[in-house]
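To start, the structure itself, in structure tokens.
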Amino acid sequence: MGKNMVFKIIFNIFLLLLIFPLFIILLWSFTKIWPWPDLFPKAFGLRGFQYLLNPSNNSLRILGLSIWLSTVVMFIAILISIPAAKALGLYHFKGKGFIKTLILAPIVVPTVAVTMGIHVSFISVGLANTFWGVVIVHLIPCIPYSVRILTDVFEIMGNSMELQARILGANKMQTFFYVTLPMLAPGLITAGSMVFIVSFSQYFLTFLIGGGKIVTFSMVMFPFIQSGDRMMASVYSMVFIWTTLLILISVERIVKSYYKGENYFYL
Amino acid sequence: MSQIELRNICKKFENKRILHHVNLLVQEGEMISLLGPSGCGKTTTLKIIAGLMEPDAGDILFNDTSILNIPVEKRGAIIVFQDYLLFPHLTVEENIEFGLKMAKVKKSKRREKVREMIDLVQLEGHEKKYPKELSGGQKQRVAIARALAIEPKVLLLDEPFSNLDTRLREIMREFICDIQRKFKITMILVTHDKEEALMTSSKIAVMLDGEIKQFGTPKEIYERPVSSLVADFFGEKNYVDGEIKEGIFYSIMGSFQTGLHKNGRVRAMIRPEEIEITPKGNIAGIIKNKTYAGEKIYYIIDCNGKRLKCITNGKTFYNIGEKINVYINFDNIVFFER
């Protein structure tokens with residue numbers, strides 16, 4: 001047995017370990033009765049999907065809003081991160097190391113504690129219980145990821161291509177749109193997907209700042225998981241997973257269709 | 001095309017002197033070399049001409065007009081970098097087209113120019129390829145085509161051949177020289193390779209420690225270097241200290257008639273190839289060492305206690321310890337004042 005074969009087996013075992021829980025969720029989402037200690041469910045049903053698709057429960061509208069909210073967060077996070085990452089990745093200035101650490105702070109410092117304070121300020125400026133309030137608060141845990149990812153990309157990329165573009169007659173805007181952005185594309189896919197997932201799975205921040213007015217998908221899903229309604233929780237989890245997966249695939253498709261050049265690597 | 005002039009260009013980085021009063025005049029349609037070891041400020045000079053850096057002092061003139069205030073994208077001084085820097089997300093065609101597209105040239109005109117450039121650099125059939133699919137030589141051709149497409153005022157080549165193997169280097173050198181002659185492009189070539197500079201350029205500027213030590217034709221620079229620093233850059237030399245009195249050079253090796261009419265302490269520079277081993281020689285010596293290198297033989301000869309390096313063609317052999325005579329024509333020797 002070759003080394004390759006061993007590797008393949010180990011790889012497949014890991015793949016199975018990752019995918020197997022998903023099958024259980026899939027099974028649970030159609031299960032009506034599954035008493036202990038049976039190995040297989042006793043009866044199947046469609047109650048979960050009926051509930052999900054029932055217009056009076058607003059599930060799909062909430063899903064739509066969640067996708068829209070996370071997409072907005074994704075765009076804003078990327079928009080903020082590109083200049084920040086460029087500065088951190090390419091320029092030399094005093095206190096750069098400190099700022100790099102500071103950007104990671106939202107991941108290290110408990111966001112919940114900070115958001116309590118933010119909530120008070122948001123109430124006073126009228127951002128609490130609004131869509132944009134939630135967008136802003138979602139940016140806090142998202143930006144560390146996108147800035148870090150894009151900083152690394154800028155570091156690898158360097159600025160030589162941009163300089164070459166300038167020499168060839170491109171002004172700053174043209175350089176950004178024709179050279180920087182396309183070369184950044186693989187990094188944008190990674191950072192964008194990461195931000196989307198982080199935003200899409202936020203529960204507490206949305207709950208606190210949205211004040212029940214802004215309801216996202218993870219917020220309707222959470223009570224089902226908590227209350228132990230496994231069928232409902234599984235149905236919502238399935239939808240959750242498929243939504244993020246589809247979004248990730250479409251982000252990648254869209255970015256790649258704009259910037260061809262296939263799998264070029266940073267020079 | 002333009003005449004390029006640098007006047008008293010100075011540049012410092014964090015108090016480290018990079019360029020020190022650099023003056024250079026490149027005539028229209030001329031190809032010159034900036035020759036010097038790495039770190040001497042050659043590339044910085046190119047970047048300043050192109051506008052990627054600003055000089056601390058001095059002026060740059062294209063056709064007698066200062067261009068210091070013109071931003072990099074409008075200068076028309078195009079650098080072709082050592083690693084070509086082709087845009088990886090664009091095809092060969094799109095790379096060549098880039099400058100024209102940025103200048104908002106009409107699409108039909110762009111197509112025409114790209115066609116012309118592809119023909120010029122002989123890359124037919126590669127138009128749709130991405131840079132990663134090209135060989136080193138092809139990448140360089142694309143980089144040159146991309147630069148030429150926008151008809152630059154001056155083309156700046158930064159170590160263009162150093163990433164290529166020996167054979168390809170010769171081909172590309174010929175290719176660039178051909179293009180230069182054909183289009184009469186003002187070109188500045190940065191190199192650390194003396195042969196490259198001697199073979200390609202009509203003039204060479206020898207740059208050491210941020211200063212241009214000498215600027216002249218290859219023949220002038222090679223035969224009449226202004227200092228031992230410049231001379232050393234073109235290969236190993238023998239230096240003999242002595243004194244000139246009334247045209248006679250007195251040294252440890254003996255006294256010799258020279259063509260000079262000055263007096264004073266001097267250092268004679270004798271190239272290894274100017275020392276001829278012959279029975280009719282004017283200096284007696286002993287062979288101390290011998291190194292065989294195919295078409296050449298390197299000898300070290302002891303002449304009255306002064307050791308001289310000597311290169312001969314590989315036709316006659318002398319053994320270590322053999323007593324010989326060498327001939328040096330002191331009329332042609334370069335003397336530096338001490």
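Here's how to read the names in the structure tokens: chain A, B, ... by the order shown, residue numbers from 1 in each chain, ligand numbers from 1 in the order shown.
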Contact check, chain A to chain B, at most 6 Å, counting only C-alpha atoms, closest pairs as a tab-separated table:
residue	atom	partner	partner_atom	distance
A:Arg166	CA	B:Glu73	CA	5.1
A:Ile167	CA	B:Glu73	CA	5.3
A:Leu168	CA	B:Gly99	CA	5.1
A:Gly169	CA	B:Glu73	CA	3.9
A:Ala170	CA	B:Met102	CA	5.3
A:Gly261	CA	B:His89	CA	4.3
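The shell of residues at most 10 Å from Ile78 of chain A, with only C-alpha atoms counted and near chain neighbours (fewer than 6 positions) removed, consists of A:Val72, A:Ala84, A:Ala85, A:Cys142, A:Ile143, A:Ser146, A:Val147, A:Leu150, A:Leu188, A:Ala191, A:Gly192, A:Val195.
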Next, the residues of the selection above should be written as a PDB file, in the first residue's frame with C-alpha atoms.
ATOM      1  CA  VAL A  72     -24.489  44.801   3.353  1.00  0.00           C
ATOM      2  CA  ALA A  84      -6.716  49.714   6.133  1.00  0.00           C
ATOM      3  CA  ALA A  85      -5.164  46.483   4.905  1.00  0.00           C
ATOM      4  CA  CYS A 142     -16.217  41.114  11.183  1.00  0.00           C
ATOM      5  CA  ILE A 143     -13.548  43.707  10.487  1.00  0.00           C
ATOM      6  CA  SER A 146     -11.289  40.943   6.726  1.00  0.00           C
ATOM      7  CA  VAL A 147      -8.472  43.351   7.612  1.00  0.00           C
ATOM      8  CA  LEU A 150      -6.446  41.399   3.169  1.00  0.00           C
ATOM      9  CA  LEU A 188     -11.696  39.386  -1.514  1.00  0.00           C
ATOM     10  CA  ALA A 191     -12.423  37.874   3.332  1.00  0.00           C
ATOM     11  CA  GLY A 192     -15.961  38.405   1.979  1.00  0.00           C
ATOM     12  CA  VAL A 195     -17.368  38.302   6.974  1.00  0.00           C
TER      13      VAL A 195
END
Strand (DSSP E) positions in segment 134-307 of chain B, given as an MDAnalysis selection string: chainID B and resid 154:158 187:191 203:208 211:216 238:245 248:251 254:257 264:270 276:277 283:293 296:303 306:307
Surrounding residues of segment 37-46 of chain A excluding itself and chain neighbours under 6 positions, 10 Å, only C-alpha atoms, as JSON, numbers by chain: {"A": [27, 28, 29, 30, 31, 231, 235]}
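Take atom CA of Glu236 of chain B and atom CA of Tyr298 of chain B: the distance between them is 11.7 Å.
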Within 9 Å of Ser228 of chain B using only C-alpha atoms, minus same-chain residues under 5 positions, as JSON, numbers by chain: {"B": [233, 237, 239, 269, 336]}
Expected answer as an NGL selection string: alpha helix (DSSP H) residues in segment 12-251 of chain B: :B and (42-50 or 72-75 or 92-102 or 107-120 or 136-149 or 166-183 or 194-200 or 218-223 or 228-233)
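Shortest atom-to-atom contact with Leu156 of chain B among B:Ser135, B:Thr278, B:Gln180, B:Thr316: B:Gln180, counting only C-alpha atoms.
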Find the residues near Ser201 of chain A: any atom within 10 Å, counting only C-alpha atoms, skip ones fewer than 2 places away on the same chain, and give them as a compact mmCIF listing (two decimals) with N, CA and C atoms, in the first residue's frame.
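Result file is part28.txt:
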# COMPACT_ATOMS: atom_id res chain seq x y z
N SER A 66 -31.98 38.52 6.55
CA SER A 66 -30.67 38.12 7.08
C SER A 66 -29.61 38.15 5.99
N SER A 70 -26.43 40.64 6.01
CA SER A 70 -25.05 40.15 5.99
C SER A 70 -24.31 40.58 4.74
N PHE A 196 -19.24 37.32 5.78
CA PHE A 196 -20.63 36.92 5.63
C PHE A 196 -21.01 35.89 6.69
N ILE A 197 -20.15 34.91 6.86
CA ILE A 197 -20.45 33.86 7.83
C ILE A 197 -20.51 34.42 9.25
N VAL A 198 -19.51 35.25 9.59
CA VAL A 198 -19.50 35.81 10.95
C VAL A 198 -20.77 36.62 11.19
N SER A 199 -21.14 37.44 10.22
CA SER A 199 -22.33 38.29 10.37
C SER A 199 -23.60 37.44 10.42
N TYR A 203 -25.82 36.19 16.91
CA TYR A 203 -27.12 36.06 17.57
C TYR A 203 -27.30 37.18 18.58
N PHE A 204 -26.36 37.24 19.54
CA PHE A 204 -26.55 38.15 20.65
C PHE A 204 -26.51 39.63 20.25
N THR A 206 -27.23 41.03 17.40
CA THR A 206 -28.45 41.39 16.70
C THR A 206 -29.60 41.55 17.70
N THR A 216 -33.22 38.29 12.75
CA THR A 216 -32.46 37.57 11.73
C THR A 216 -32.71 36.07 11.86
N PHE A 217 -32.20 35.35 10.89
CA PHE A 217 -32.46 33.92 10.82
C PHE A 217 -31.93 33.16 12.04
N SER A 218 -30.72 33.55 12.46
CA SER A 218 -30.17 32.83 13.63
C SER A 218 -31.01 33.10 14.89
N MET A 219 -31.70 34.25 14.91
CA MET A 219 -32.54 34.55 16.07
C MET A 219 -33.79 33.69 16.13
N PHE A 240 -29.78 27.09 7.12
CA PHE A 240 -28.65 27.95 7.48
C PHE A 240 -27.39 27.54 6.71
N THR A 244 -25.47 29.73 3.57
CA THR A 244 -24.09 30.19 3.58
C THR A 244 -23.30 29.56 2.44
10 Å contact set for Val112 of chain A, only C-alpha atoms, chain neighbours under 5 positions out, as a PyMOL selection string: chain A and resi 106+117-118+204-205+208
Contact residues around segment 221-223 of chain B with only C-alpha atoms at 10 Å, ignoring same-chain residues under 4 positions, as a list in words: Lys194, Leu198, Lys203, Ile204, Ala205, Val206, Gln214, Phe215, Gly216, Thr217, Val230, Ala231, Phe233, Phe234, Gly235, Arg271, Asn332, Ile333 and Val334 of chain B
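Closest approach to Phe75 of chain A among A:Val215, A:Leu139, A:Ile123, A:Ile254: A:Leu139, based on only C-alpha atoms.
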